[in-house]
$ cat my_file.txt   # compact mmCIF, C-alpha atoms
# COMPACT_ATOMS: atom_id res chain seq x y z
CA MET B 1 -5.51 9.76 20.39
CA ASP B 2 -2.36 7.74 20.77
CA GLU B 3 0.61 8.37 18.55
CA VAL B 4 0.24 5.16 16.50
CA ALA B 5 -3.41 5.85 15.72
CA GLN B 6 -2.57 9.45 14.84
CA LYS B 7 0.09 8.41 12.33
CA ILE B 8 -2.27 5.92 10.74
CA ARG B 9 -5.10 8.43 10.58
CA THR B 10 -2.80 11.04 9.01
CA PHE B 11 -1.66 8.53 6.38
CA VAL B 12 -5.24 7.64 5.52
CA ILE B 13 -6.29 11.28 5.15
CA ASP B 14 -3.20 12.43 3.25
CA ASN B 15 -2.58 9.45 0.98
CA LEU B 16 -5.88 7.66 0.56
CA LEU B 17 -8.35 10.52 0.85
CA PHE B 18 -5.95 13.06 -0.66
CA GLY B 19 -6.52 15.56 2.11
CA GLN B 20 -10.30 15.46 1.77
CA GLY B 21 -12.87 13.95 4.07
CA GLY B 22 -10.81 14.21 7.21
CA ASP B 23 -13.98 14.96 9.19
CA SER B 24 -15.99 12.18 7.61
CA PHE B 25 -14.85 9.29 9.75
CA SER B 26 -13.90 8.38 13.28
CA ASN B 27 -11.10 6.07 14.28
CA ASP B 28 -13.63 3.35 14.96
CA ASP B 29 -15.51 3.64 11.68
CA SER B 30 -15.33 0.66 9.36
CA PHE B 31 -13.50 1.51 6.13
CA LEU B 32 -15.53 -1.17 4.34
CA GLU B 33 -18.91 -0.01 5.56
CA LYS B 34 -18.17 3.63 4.88
CA ARG B 35 -16.56 2.72 1.54
CA LEU B 36 -13.67 4.95 2.46
CA ILE B 37 -10.90 2.89 0.94
CA ASP B 38 -10.76 -0.05 -1.42
CA SER B 39 -8.40 -3.01 -1.65
CA MET B 40 -5.64 -0.88 -3.16
CA GLY B 41 -5.97 1.41 -0.17
CA VAL B 42 -5.63 -1.52 2.20
CA LEU B 43 -2.50 -2.60 0.36
CA ALA B 44 -1.04 0.89 0.69
CA LEU B 45 -1.88 0.91 4.40
CA VAL B 46 -0.22 -2.45 4.95
CA GLU B 47 2.94 -1.28 3.22
CA PHE B 48 2.96 2.01 5.11
CA VAL B 49 2.47 0.32 8.47
CA ALA B 50 5.09 -2.36 7.80
CA GLU B 51 7.65 0.27 6.85
CA LYS B 52 6.76 2.96 9.37
CA PHE B 53 6.60 0.74 12.39
CA GLU B 54 9.13 -1.83 11.12
CA ILE B 55 6.85 -4.80 11.75
CA PRO B 56 6.34 -7.91 9.63
CA VAL B 57 2.83 -8.42 8.26
CA ALA B 58 1.95 -11.91 7.08
CA ASP B 59 -0.54 -12.34 4.25
CA SER B 60 -2.81 -14.21 6.65
CA GLU B 61 -2.93 -11.11 8.87
CA ILE B 62 -4.33 -8.89 6.12
CA VAL B 63 -7.95 -9.34 7.12
CA PRO B 64 -10.66 -6.84 8.09
CA GLU B 65 -10.30 -7.82 11.75
CA ASN B 66 -6.89 -6.13 11.70
CA TRP B 67 -7.29 -3.44 9.03
CA ASP B 68 -10.85 -2.19 8.87
CA SER B 69 -10.50 0.95 10.99
CA VAL B 70 -7.80 3.23 12.35
CA ASN B 71 -8.15 1.77 15.82
CA LEU B 72 -8.08 -1.83 14.60
CA ILE B 73 -4.85 -1.13 12.76
CA ALA B 74 -3.40 0.67 15.78
CA ARG B 75 -4.28 -2.30 17.97
CA PHE B 76 -2.67 -4.66 15.47
CA VAL B 77 0.49 -2.54 15.40
CA GLN B 78 0.67 -2.31 19.20
CA ALA B 79 0.33 -6.08 19.48
CA LYS B 80 3.10 -6.56 16.95
CA LEU B 81 5.38 -4.04 18.65
CA GLY B 82 4.73 -5.73 21.93
CA SER B 83 5.67 -9.14 20.55
CA VAL B 84 8.70 -7.74 18.69
CA ALA B 85 9.98 -6.14 21.90
CA SER B 86 9.63 -9.33 23.97
CA MET F 1 -55.23 -22.28 -0.07
CA MET F 2 -51.56 -21.79 0.71
CA GLU F 3 -49.75 -19.48 -1.65
CA THR F 4 -46.69 -21.02 -3.32
CA ILE F 5 -43.74 -18.74 -3.17
CA PRO F 6 -41.47 -19.43 -6.16
CA VAL F 7 -37.93 -20.43 -5.25
CA PHE F 8 -35.31 -18.10 -6.60
CA SER F 9 -33.46 -19.99 -9.29
CA GLU F 10 -31.57 -19.55 -12.54
CA LYS F 11 -34.90 -19.60 -14.31
CA VAL F 12 -35.16 -15.87 -13.56
CA LEU F 13 -32.56 -15.39 -16.27
CA ASP F 14 -34.54 -17.25 -18.95
CA ILE F 15 -35.27 -15.08 -21.99
CA ASP F 16 -37.22 -15.34 -25.20
CA ALA F 17 -34.15 -15.50 -27.40
CA GLU F 18 -36.01 -14.62 -30.58
CA ALA F 19 -37.66 -11.56 -29.07
CA VAL F 20 -34.45 -10.35 -27.44
CA THR F 21 -32.55 -10.82 -30.70
CA CYS F 22 -35.12 -8.74 -32.57
CA ALA F 23 -35.03 -6.00 -29.96
CA ILE F 24 -31.24 -5.79 -29.95
CA ALA F 25 -31.06 -5.93 -33.75
CA GLU F 26 -33.49 -3.03 -34.02
CA SER F 27 -31.56 -1.04 -31.44
CA VAL F 28 -28.23 -1.67 -33.19
CA ARG F 29 -29.72 -0.70 -36.51
CA GLN F 30 -31.09 2.56 -35.12
CA THR F 31 -27.81 3.29 -33.40
CA VAL F 32 -25.35 2.47 -36.18
CA PHE F 33 -27.33 3.76 -39.17
CA GLY F 34 -29.42 6.40 -37.44
CA ARG F 35 -27.56 7.93 -34.54
CA LEU F 36 -23.95 7.24 -35.50
CA ARG F 37 -24.51 7.36 -39.28
CA ARG F 38 -22.00 4.60 -39.91
CA ARG F 39 -22.06 2.00 -42.71
CA GLY F 40 -21.49 -1.07 -40.57
CA ALA F 41 -19.77 -2.51 -37.52
CA VAL F 42 -16.36 -3.80 -36.55
CA VAL F 43 -16.24 -6.54 -33.90
CA GLY F 44 -13.09 -7.83 -32.25
CA LEU F 45 -13.41 -11.62 -32.15
CA SER F 46 -11.75 -13.35 -29.23
CA GLY F 47 -13.25 -16.76 -29.85
CA GLY F 48 -15.38 -16.30 -26.74
CA ILE F 49 -19.14 -16.29 -26.40
CA ASP F 50 -19.55 -12.55 -25.83
CA SER F 51 -17.81 -11.35 -28.97
CA SER F 52 -19.40 -14.20 -30.94
CA VAL F 53 -22.92 -13.25 -29.91
CA SER F 54 -22.17 -9.56 -30.43
CA ALA F 55 -21.01 -10.24 -33.97
CA ALA F 56 -24.00 -12.48 -34.72
CA LEU F 57 -26.35 -9.76 -33.47
CA CYS F 58 -24.62 -7.19 -35.64
CA VAL F 59 -25.23 -9.46 -38.64
CA LYS F 60 -28.91 -9.70 -37.74
CA ALA F 61 -29.06 -5.94 -37.42
CA LEU F 62 -26.94 -4.73 -40.30
CA GLY F 63 -26.46 -7.65 -42.67
CA LYS F 64 -23.38 -9.82 -42.96
CA ASP F 65 -21.82 -7.61 -45.61
CA ARG F 66 -21.66 -4.74 -43.17
CA VAL F 67 -19.85 -6.51 -40.34
CA LEU F 68 -16.08 -6.99 -40.17
CA GLY F 69 -14.57 -9.40 -37.67
CA ILE F 70 -11.05 -8.80 -36.42
CA MET F 71 -8.88 -11.43 -34.80
CA MET F 72 -5.98 -9.94 -32.87
CA PRO F 73 -3.69 -12.64 -31.51
CA GLU F 74 -0.53 -11.78 -29.62
CA ASP F 75 2.44 -13.72 -28.34
CA GLU F 76 0.60 -15.11 -25.32
CA SER F 77 -2.94 -15.62 -26.56
CA SER F 78 -4.14 -19.14 -27.23
CA GLU F 79 -4.24 -20.66 -30.68
CA GLU F 80 -7.69 -21.87 -29.80
CA SER F 81 -8.95 -18.28 -29.60
CA LEU F 82 -7.83 -17.62 -33.14
CA ASP F 83 -9.30 -20.84 -34.44
CA LEU F 84 -12.64 -20.27 -32.73
CA GLY F 85 -12.80 -16.70 -33.96
CA ARG F 86 -12.44 -17.93 -37.52
CA GLN F 87 -15.08 -20.61 -36.98
CA LEU F 88 -17.50 -17.99 -35.77
CA ALA F 89 -16.80 -15.65 -38.67
CA ASP F 90 -17.41 -18.50 -41.11
CA ALA F 91 -20.56 -19.58 -39.29
CA ILE F 92 -22.17 -16.15 -39.55
CA GLY F 93 -20.74 -15.41 -42.97
CA ILE F 94 -18.74 -12.27 -42.25
CA GLU F 95 -15.47 -11.08 -43.68
CA TYR F 96 -12.61 -11.06 -41.18
CA VAL F 97 -9.02 -9.94 -40.88
CA THR F 98 -6.25 -11.17 -38.61
CA GLU F 99 -3.92 -8.60 -37.10
CA HIS F 100 -1.11 -9.97 -35.00
CA ILE F 101 -0.46 -7.38 -32.32
CA GLY F 102 2.48 -9.19 -30.73
CA PRO F 103 5.13 -7.02 -32.41
CA THR F 104 3.27 -3.87 -31.40
CA LEU F 105 3.03 -5.03 -27.80
CA LYS F 106 6.69 -5.93 -27.81
CA ALA F 107 7.62 -2.51 -29.14
CA LEU F 108 5.53 -0.91 -26.40
CA GLY F 109 7.39 -2.98 -23.83
CA CYS F 110 4.17 -4.70 -22.74
CA TYR F 111 5.75 -8.06 -21.97
CA GLU F 112 9.00 -6.63 -20.64
CA ARG F 113 7.31 -4.13 -18.32
CA ARG F 114 4.98 -6.83 -17.03
CA ASP F 115 7.88 -9.18 -16.40
CA ASN F 116 9.88 -6.44 -14.66
CA ALA F 117 6.94 -5.82 -12.33
CA ILE F 118 6.75 -9.53 -11.47
CA ARG F 119 10.51 -9.71 -10.94
CA LYS F 120 10.17 -7.21 -8.10
CA ILE F 121 8.59 -9.99 -6.07
CA ILE F 122 9.84 -13.13 -7.84
CA PRO F 123 13.43 -12.19 -8.78
CA GLU F 124 13.98 -15.42 -10.74
CA TYR F 125 11.08 -14.71 -13.12
CA GLY F 126 12.34 -14.54 -16.66
CA ALA F 127 12.43 -16.07 -20.12
CA GLY F 128 10.35 -19.21 -20.41
CA TRP F 129 8.28 -18.49 -17.31
CA LYS F 130 4.51 -18.15 -17.42
CA SER F 131 2.24 -16.24 -15.11
CA LYS F 132 -1.25 -15.07 -14.25
CA ILE F 133 -2.79 -13.05 -11.46
CA VAL F 134 -5.46 -14.50 -9.20
CA LEU F 135 -7.69 -13.46 -6.33
CA PRO F 136 -8.15 -15.36 -3.08
CA ASP F 137 -11.47 -17.00 -2.33
CA LEU F 138 -13.61 -14.01 -1.44
CA VAL F 139 -16.74 -15.95 -0.71
CA LYS F 140 -15.65 -18.52 1.83
CA SER F 141 -14.25 -15.89 4.18
CA SER F 142 -13.82 -12.15 4.46
CA ASN F 143 -10.66 -11.65 2.44
CA TYR F 144 -9.61 -8.43 0.82
CA ALA F 145 -9.44 -8.58 -2.96
CA LEU F 146 -5.64 -8.61 -3.06
CA TYR F 147 -4.14 -10.24 -6.11
CA SER F 148 -1.33 -12.75 -6.11
CA VAL F 149 0.81 -13.70 -9.04
CA VAL F 150 1.02 -17.39 -9.89
CA ALA F 151 4.21 -18.05 -11.80
CA GLN F 152 5.42 -21.24 -13.38
CA SER F 153 9.08 -21.81 -14.14
CA PRO F 154 10.21 -23.49 -17.37
CA THR F 155 10.80 -26.68 -15.36
CA GLY F 156 7.27 -26.67 -14.01
CA GLU F 157 7.62 -25.35 -10.45
CA THR F 158 4.74 -23.09 -9.48
CA TYR F 159 4.95 -20.16 -7.09
CA ARG F 160 2.18 -18.03 -5.68
CA VAL F 161 3.16 -14.68 -4.19
CA ARG F 162 0.94 -11.78 -3.14
CA LEU F 163 1.57 -8.72 -5.26
CA ASN F 164 2.58 -5.55 -3.47
CA SER F 165 1.02 -2.33 -4.74
CA GLU F 166 3.91 -1.41 -7.03
CA SER F 167 3.99 -4.83 -8.65
CA TYR F 168 0.22 -5.12 -8.93
CA LEU F 169 -0.17 -1.75 -10.60
CA GLY F 170 2.85 -2.46 -12.81
CA VAL F 171 1.47 -5.80 -13.99
CA VAL F 172 -1.99 -4.40 -14.67
CA ALA F 173 -0.71 -1.29 -16.42
CA ALA F 174 1.54 -3.32 -18.70
CA THR F 175 -1.11 -5.93 -19.41
CA ASN F 176 -3.65 -3.22 -20.24
CA PHE F 177 -1.60 -2.50 -23.34
CA LYS F 178 -3.18 -5.62 -24.83
CA GLN F 179 -6.77 -4.41 -24.61
CA ARG F 180 -5.86 -0.86 -25.62
CA THR F 181 -3.84 -1.99 -28.63
CA ARG F 182 -6.70 -4.20 -29.79
CA LYS F 183 -9.12 -1.30 -29.52
CA MET F 184 -6.72 0.90 -31.50
CA MET F 185 -6.74 -1.70 -34.26
CA GLU F 186 -10.53 -1.94 -34.23
CA TYR F 187 -10.81 1.82 -34.64
CA PHE F 188 -8.30 1.78 -37.49
CA HIS F 189 -10.55 -0.58 -39.44
CA ALA F 190 -13.67 1.27 -38.38
CA ASP F 191 -12.21 4.56 -39.57
CA ARG F 192 -11.14 3.22 -42.96
CA LEU F 193 -14.55 1.60 -43.56
CA TRP F 194 -16.68 4.28 -41.90
CA TYR F 195 -17.95 1.64 -39.52
CA ALA F 196 -18.81 1.79 -35.82
CA VAL F 197 -16.93 -0.24 -33.21
CA ALA F 198 -18.92 -2.75 -31.20
CA GLY F 199 -17.99 -3.35 -27.58
CA THR F 200 -18.70 -6.83 -26.32
CA PRO F 201 -19.00 -6.80 -22.54
CA ASN F 202 -21.85 -8.65 -20.87
CA ARG F 203 -23.66 -7.12 -17.93
CA LEU F 204 -21.44 -8.66 -15.29
CA GLU F 205 -18.34 -7.24 -16.93
CA TYR F 206 -19.88 -3.86 -17.69
CA ALA F 207 -21.53 -3.30 -14.32
CA GLN F 208 -18.67 -4.65 -12.25
CA GLY F 209 -15.97 -2.83 -14.16
CA PHE F 210 -14.19 -5.85 -15.59
CA PHE F 211 -12.76 -4.00 -18.54
CA VAL F 212 -9.83 -1.75 -19.34
CA LYS F 213 -10.60 1.95 -19.58
CA ASN F 214 -10.16 2.97 -23.20
CA GLY F 215 -9.30 -0.62 -23.94
CA ASP F 216 -12.10 -3.13 -24.28
CA GLY F 217 -14.18 -0.57 -22.39
CA ALA F 218 -14.16 1.75 -25.38
CA ALA F 219 -16.76 1.33 -28.11
CA ASP F 220 -19.41 3.13 -30.11
CA PHE F 221 -22.14 0.75 -29.02
CA LYS F 222 -22.42 -2.30 -26.78
CA PRO F 223 -25.15 -4.70 -27.89
CA ILE F 224 -25.02 -7.13 -24.95
CA ALA F 225 -23.98 -4.93 -22.02
CA HIS F 226 -27.50 -5.25 -20.55
CA LEU F 227 -27.52 -9.06 -20.71
CA TYR F 228 -26.44 -11.42 -17.96
CA LYS F 229 -23.90 -14.01 -19.03
CA SER F 230 -26.48 -16.79 -18.90
CA GLN F 231 -28.66 -14.80 -21.28
CA VAL F 232 -25.74 -14.30 -23.65
CA MET F 233 -25.36 -18.09 -23.67
CA GLN F 234 -29.05 -18.49 -24.53
CA LEU F 235 -28.67 -16.11 -27.45
CA GLY F 236 -25.56 -17.96 -28.53
CA SER F 237 -27.54 -21.18 -28.88
CA TYR F 238 -30.34 -19.41 -30.71
CA LEU F 239 -28.03 -17.55 -33.12
CA GLY F 240 -26.10 -20.65 -34.14
CA VAL F 241 -22.78 -19.85 -32.49
CA PRO F 242 -20.56 -22.93 -32.97
CA ASP F 243 -20.76 -25.56 -30.22
CA ALA F 244 -17.05 -25.33 -29.55
CA ILE F 245 -17.54 -21.70 -28.50
CA LEU F 246 -20.66 -22.43 -26.46
CA ARG F 247 -18.83 -25.20 -24.59
CA ARG F 248 -15.60 -23.28 -24.05
CA SER F 249 -14.72 -22.41 -20.45
CA PRO F 250 -14.63 -18.64 -20.13
CA THR F 251 -11.07 -17.44 -20.12
CA THR F 252 -9.54 -14.01 -19.95
CA ASP F 253 -6.85 -15.09 -22.48
CA THR F 254 -4.75 -12.23 -21.14
CA TYR F 255 -1.93 -13.94 -19.28
CA SER F 256 0.64 -16.49 -20.38
CA MET F 257 -0.82 -19.01 -17.92
CA GLU F 258 -4.42 -19.88 -18.54
CA GLN F 259 -6.56 -17.79 -16.23
CA SER F 260 -10.20 -18.57 -15.75
CA GLN F 261 -12.58 -15.68 -15.42
CA GLU F 262 -13.44 -17.00 -11.96
CA GLU F 263 -9.85 -16.68 -10.78
CA PHE F 264 -9.86 -13.10 -11.96
CA TYR F 265 -13.33 -12.19 -10.77
CA PHE F 266 -14.66 -13.59 -7.53
CA ALA F 267 -13.58 -17.20 -7.20
CA LEU F 268 -17.19 -18.09 -7.93
CA PRO F 269 -18.64 -19.97 -10.86
CA LEU F 270 -19.77 -17.41 -13.41
CA LYS F 271 -23.28 -18.82 -13.33
CA THR F 272 -23.52 -18.13 -9.62
CA MET F 273 -22.01 -14.68 -9.91
CA ASP F 274 -24.48 -13.86 -12.67
CA LEU F 275 -27.43 -14.96 -10.58
CA CYS F 276 -26.21 -13.03 -7.56
CA LEU F 277 -25.83 -9.88 -9.64
CA TYR F 278 -29.39 -10.29 -10.87
CA ALA F 279 -30.56 -10.88 -7.33
CA ARG F 280 -28.74 -7.80 -6.05
CA ASN F 281 -30.20 -5.67 -8.81
CA HIS F 282 -33.68 -6.88 -7.90
CA ASN F 283 -33.23 -6.71 -4.12
CA VAL F 284 -33.83 -10.41 -3.67
CA PRO F 285 -33.34 -11.34 0.00
CA SER F 286 -30.12 -13.19 0.77
CA SER F 287 -32.10 -16.09 2.20
CA SER F 288 -33.90 -16.67 -1.11
CA VAL F 289 -30.66 -16.52 -3.06
CA ALA F 290 -29.03 -18.91 -0.63
CA GLU F 291 -31.86 -21.37 -1.07
CA GLY F 292 -31.66 -21.14 -4.85
CA THR F 293 -27.87 -21.37 -5.16
CA GLY F 294 -26.74 -23.62 -2.34
CA LEU F 295 -24.63 -20.85 -0.85
CA SER F 296 -25.02 -19.91 2.78
CA VAL F 297 -26.87 -16.73 3.70
CA GLU F 298 -23.59 -15.35 5.01
CA GLN F 299 -21.84 -16.07 1.71
CA VAL F 300 -24.60 -14.35 -0.25
CA GLY F 301 -24.25 -11.37 2.06
CA ARG F 302 -20.55 -11.28 1.32
CA ILE F 303 -21.20 -11.48 -2.42
CA TYR F 304 -23.70 -8.64 -2.19
CA ASP F 305 -21.09 -6.56 -0.36
CA MET F 306 -18.51 -7.36 -3.04
CA ILE F 307 -20.92 -6.36 -5.81
CA ASP F 308 -21.69 -3.06 -4.10
CA SER F 309 -18.07 -2.40 -3.35
CA LYS F 310 -16.95 -3.13 -6.91
CA LEU F 311 -19.68 -0.90 -8.32
CA ASN F 312 -18.36 1.89 -6.13
CA SER F 313 -14.67 1.36 -6.75
CA THR F 314 -14.99 1.10 -10.53
CA ARG F 315 -16.89 4.34 -11.10
CA TYR F 316 -13.66 5.72 -12.49
CA LEU F 317 -13.85 3.28 -15.40
CA HIS F 318 -17.27 4.53 -16.46
CA LEU F 319 -16.55 8.21 -16.18
CA GLY F 320 -15.78 10.08 -19.36
CA PRO F 321 -13.52 13.12 -19.47
CA GLN F 322 -14.38 15.52 -16.67
CA LEU F 323 -14.87 19.11 -17.80
CA VAL F 324 -14.59 22.28 -15.77
CA GLU F 325 -17.92 23.48 -17.10
CA LYS F 326 -20.56 22.24 -19.49
CA ILE F 327 -20.09 22.85 -23.20
CA GLU F 328 -23.71 23.44 -24.07
CA GLU F 329 -23.42 23.32 -27.80
CA VAL F 330 -21.80 19.88 -27.67
CA ASP F 331 -24.23 18.61 -25.03
CA ALA F 332 -27.18 19.69 -27.16
CA SER F 333 -25.79 18.01 -30.25
CA VAL F 334 -24.91 14.77 -28.43
CA HIS F 335 -28.34 14.45 -26.88
CA ASP F 336 -30.32 15.11 -30.08
$ encode --input "my_file.txt" --output "structure tokens"
Amino acid sequence: MDEVAQKIRTFVIDNLLFGQGGDSFSNDDSFLEKRLIDSMGVLALVEFVAEKFEIPVADSEIVPENWDSVNLIARFVQAKLGSVAS
Amino acid sequence: MMETIPVFSEKVLDIDAEAVTCAIAESVRQTVFGRLRRRGAVVGLSGGIDSSVSAALCVKALGKDRVLGIMMPEDESSEESLDLGRQLADAIGIEYVTEHIGPTLKALGCYERRDNAIRKIIPEYGAGWKSKIVLPDLVKSSNYALYSVVAQSPTGETYRVRLNSESYLGVVAATNFKQRTRKMMEYFHADRLWYAVAGTPNRLEYAQGFFVKNGDGAADFKPIAHLYKSQVMQLGSYLGVPDAILRRSPTTDTYSMEQSQEEFYFALPLKTMDLCLYARNHNVPSSSVAEGTGLSVEQVGRIYDMIDSKLNSTRYLHLGPQLVEKIEEVDASVHD
């Protein structure tokens, strides 16, 4: 698991699942379908990611295509880091 | 001969208003006099259809001399609410009191805390500004239910900014003082009269968690919690609720800017939301609902997902105090 995905997964388990259910989802599982986190959880994730990785997140980018699984978020972050670096 | 399959339509929500009234009246009577052993009922009157119908049903059940209406305006509620509440009380012949809770809310810091939370994202927000919180359109596309604040300056400029988690929770927590203070006042009057407190949510509100825990969510009985909004309207007509209340656009009357219930709920007309909730509860296929409502099948699917998701995420609101182990003697007495 790459480092970005690991940090995101750890945040989800520690802060949104409160240390429970760490075995209940994979990095590709949909948060919406598995009802793992609600809109407040998404908000917390956005704020964590923006701060941790120092990337801007526009309101229009807060959509399930970018936030609905650990790997989707990691991909979003990598794309942002790539465009920030260039 | 070809079988005609009925089209799903709002007709599914048609009720026999007289029969439903009788059934609810009997239930309220049994509950208030029998189970709760209280002399009457207190109903908070907001000037809206739900509290109006709830009060009218209580009159049918208990008699008008055993129902007290309470109007509880505050600094930001509309004058219309107060006026309509009084009209309703007069129409059904009940005694009512008016308790202005503005000073209490001010002392609690309700308005100030709310404004401070908004200022974290709109620094200029201050005296003379108005605001409300709104959801994006959740039906047209797959948006998360993330609230924005809409704020209007004293000179009329309007701003819409997405709330971050701190601001959102701060605004909601402060605003919840309103519902909780009202409920406190209802219980004061109920205690002094030995009455029970009626809760007034309709099914959409109750099932989807559109209430404040221990605020408007608290009550001794809830006479219309099983009814869809459309059905509450039908009862309103039957029970003689004033036209002005029947015609009124549903409002939350919670924020200083007028906020429709649609802006707060799902960005859908209430009628449609009502029908979709019924359809979900009865496992009606999305295609039938789409045909009956004019929505696309995809949109109905999204609404079904939202309903399921909201049911899941608002379990907290329905849960009572969680105990470490059962207290059998209390359980036995409560379930007698």
$ closest_atom_pairs --input "my_file.txt" --of "chain B" --to "chain F" --cutoff "9 Å" --atoms "all atoms listed in the file" --output "tab-separated table"
residue	atom	partner	partner_atom	distance
B:Leu32	CA	F:Ser309	CA	8.2
B:Arg35	CA	F:Ser309	CA	7.2
B:Ile37	CA	F:Ser313	CA	8.7
B:Asp38	CA	F:Ser313	CA	6.8
B:Ser39	CA	F:Ala145	CA	5.8
B:Met40	CA	F:Ser165	CA	7.0
B:Val42	CA	F:Tyr144	CA	8.1
B:Leu43	CA	F:Ser165	CA	6.2
B:Ala44	CA	F:Ser165	CA	6.6
B:Glu47	CA	F:Asn164	CA	7.9
B:Asp59	CA	F:Arg162	CA	7.6
B:Ile62	CA	F:Tyr144	CA	7.5
B:Val63	CA	F:Asn143	CA	5.9
B:Pro64	CA	F:Ser142	CA	7.2
$ closest_residue --input "my_file.txt" --among "F:Leu277, F:Ser54, F:Asp14, F:Thr272" --to "F:Gly292" --atoms "all atoms listed in the file"
F:Thr272
$ residues_near_point --input "my_file.txt" --point "(-28.0, -21.9, -3.5)" --cutoff "12 Å" --atoms "all atoms listed in the file" --output "PDB file with C-alpha atoms, in the frame of the given file"
ATOM      1  CA  VAL F   7     -37.930 -20.430  -5.250  1.00  0.00           C
ATOM      2  CA  PHE F   8     -35.310 -18.100  -6.600  1.00  0.00           C
ATOM      3  CA  SER F   9     -33.460 -19.990  -9.290  1.00  0.00           C
ATOM      4  CA  GLU F  10     -31.570 -19.550 -12.540  1.00  0.00           C
ATOM      5  CA  LYS F 271     -23.280 -18.820 -13.330  1.00  0.00           C
ATOM      6  CA  THR F 272     -23.520 -18.130  -9.620  1.00  0.00           C
ATOM      7  CA  MET F 273     -22.010 -14.680  -9.910  1.00  0.00           C
ATOM      8  CA  LEU F 275     -27.430 -14.960 -10.580  1.00  0.00           C
ATOM      9  CA  CYS F 276     -26.210 -13.030  -7.560  1.00  0.00           C
ATOM     10  CA  ALA F 279     -30.560 -10.880  -7.330  1.00  0.00           C
ATOM     11  CA  SER F 286     -30.120 -13.190   0.770  1.00  0.00           C
ATOM     12  CA  SER F 287     -32.100 -16.090   2.200  1.00  0.00           C
ATOM     13  CA  SER F 288     -33.900 -16.670  -1.110  1.00  0.00           C
ATOM     14  CA  VAL F 289     -30.660 -16.520  -3.060  1.00  0.00           C
ATOM     15  CA  ALA F 290     -29.030 -18.910  -0.630  1.00  0.00           C
ATOM     16  CA  GLU F 291     -31.860 -21.370  -1.070  1.00  0.00           C
ATOM     17  CA  GLY F 292     -31.660 -21.140  -4.850  1.00  0.00           C
ATOM     18  CA  THR F 293     -27.870 -21.370  -5.160  1.00  0.00           C
ATOM     19  CA  GLY F 294     -26.740 -23.620  -2.340  1.00  0.00           C
ATOM     20  CA  LEU F 295     -24.630 -20.850  -0.850  1.00  0.00           C
ATOM     21  CA  SER F 296     -25.020 -19.910   2.780  1.00  0.00           C
ATOM     22  CA  VAL F 297     -26.870 -16.730   3.700  1.00  0.00           C
ATOM     23  CA  GLU F 298     -23.590 -15.350   5.010  1.00  0.00           C
ATOM     24  CA  GLN F 299     -21.840 -16.070   1.710  1.00  0.00           C
ATOM     25  CA  VAL F 300     -24.600 -14.350  -0.250  1.00  0.00           C
TER      26      VAL F 300
END
$ closest_residue --input "my_file.txt" --among "F:Ala219, F:Ile327, F:Val149, F:Cys22" --to "F:Val134" --atoms "all atoms listed in the file"
F:Val149
$ atom_distance --input "my_file.txt" --atom1 "atom CA of F:Leu235" --atom2 "atom CA of F:Glu18"
8.1 Å
$ closest_residue --input "my_file.txt" --among "F:Leu227, F:Met233, F:Val43, F:Met257" --to "F:Ser78" --atoms "only C-alpha atoms"
F:Met257
$ closest_residue --input "my_file.txt" --among "B:Phe53, B:Phe48, B:Phe76, B:Phe18" --to "B:Leu36" --atoms "only C-alpha atoms"
B:Phe18
$ atom_distance --input "my_file.txt" --atom1 "atom CA of F:Arg302" --atom2 "atom CA of F:His282"
16.6 Å
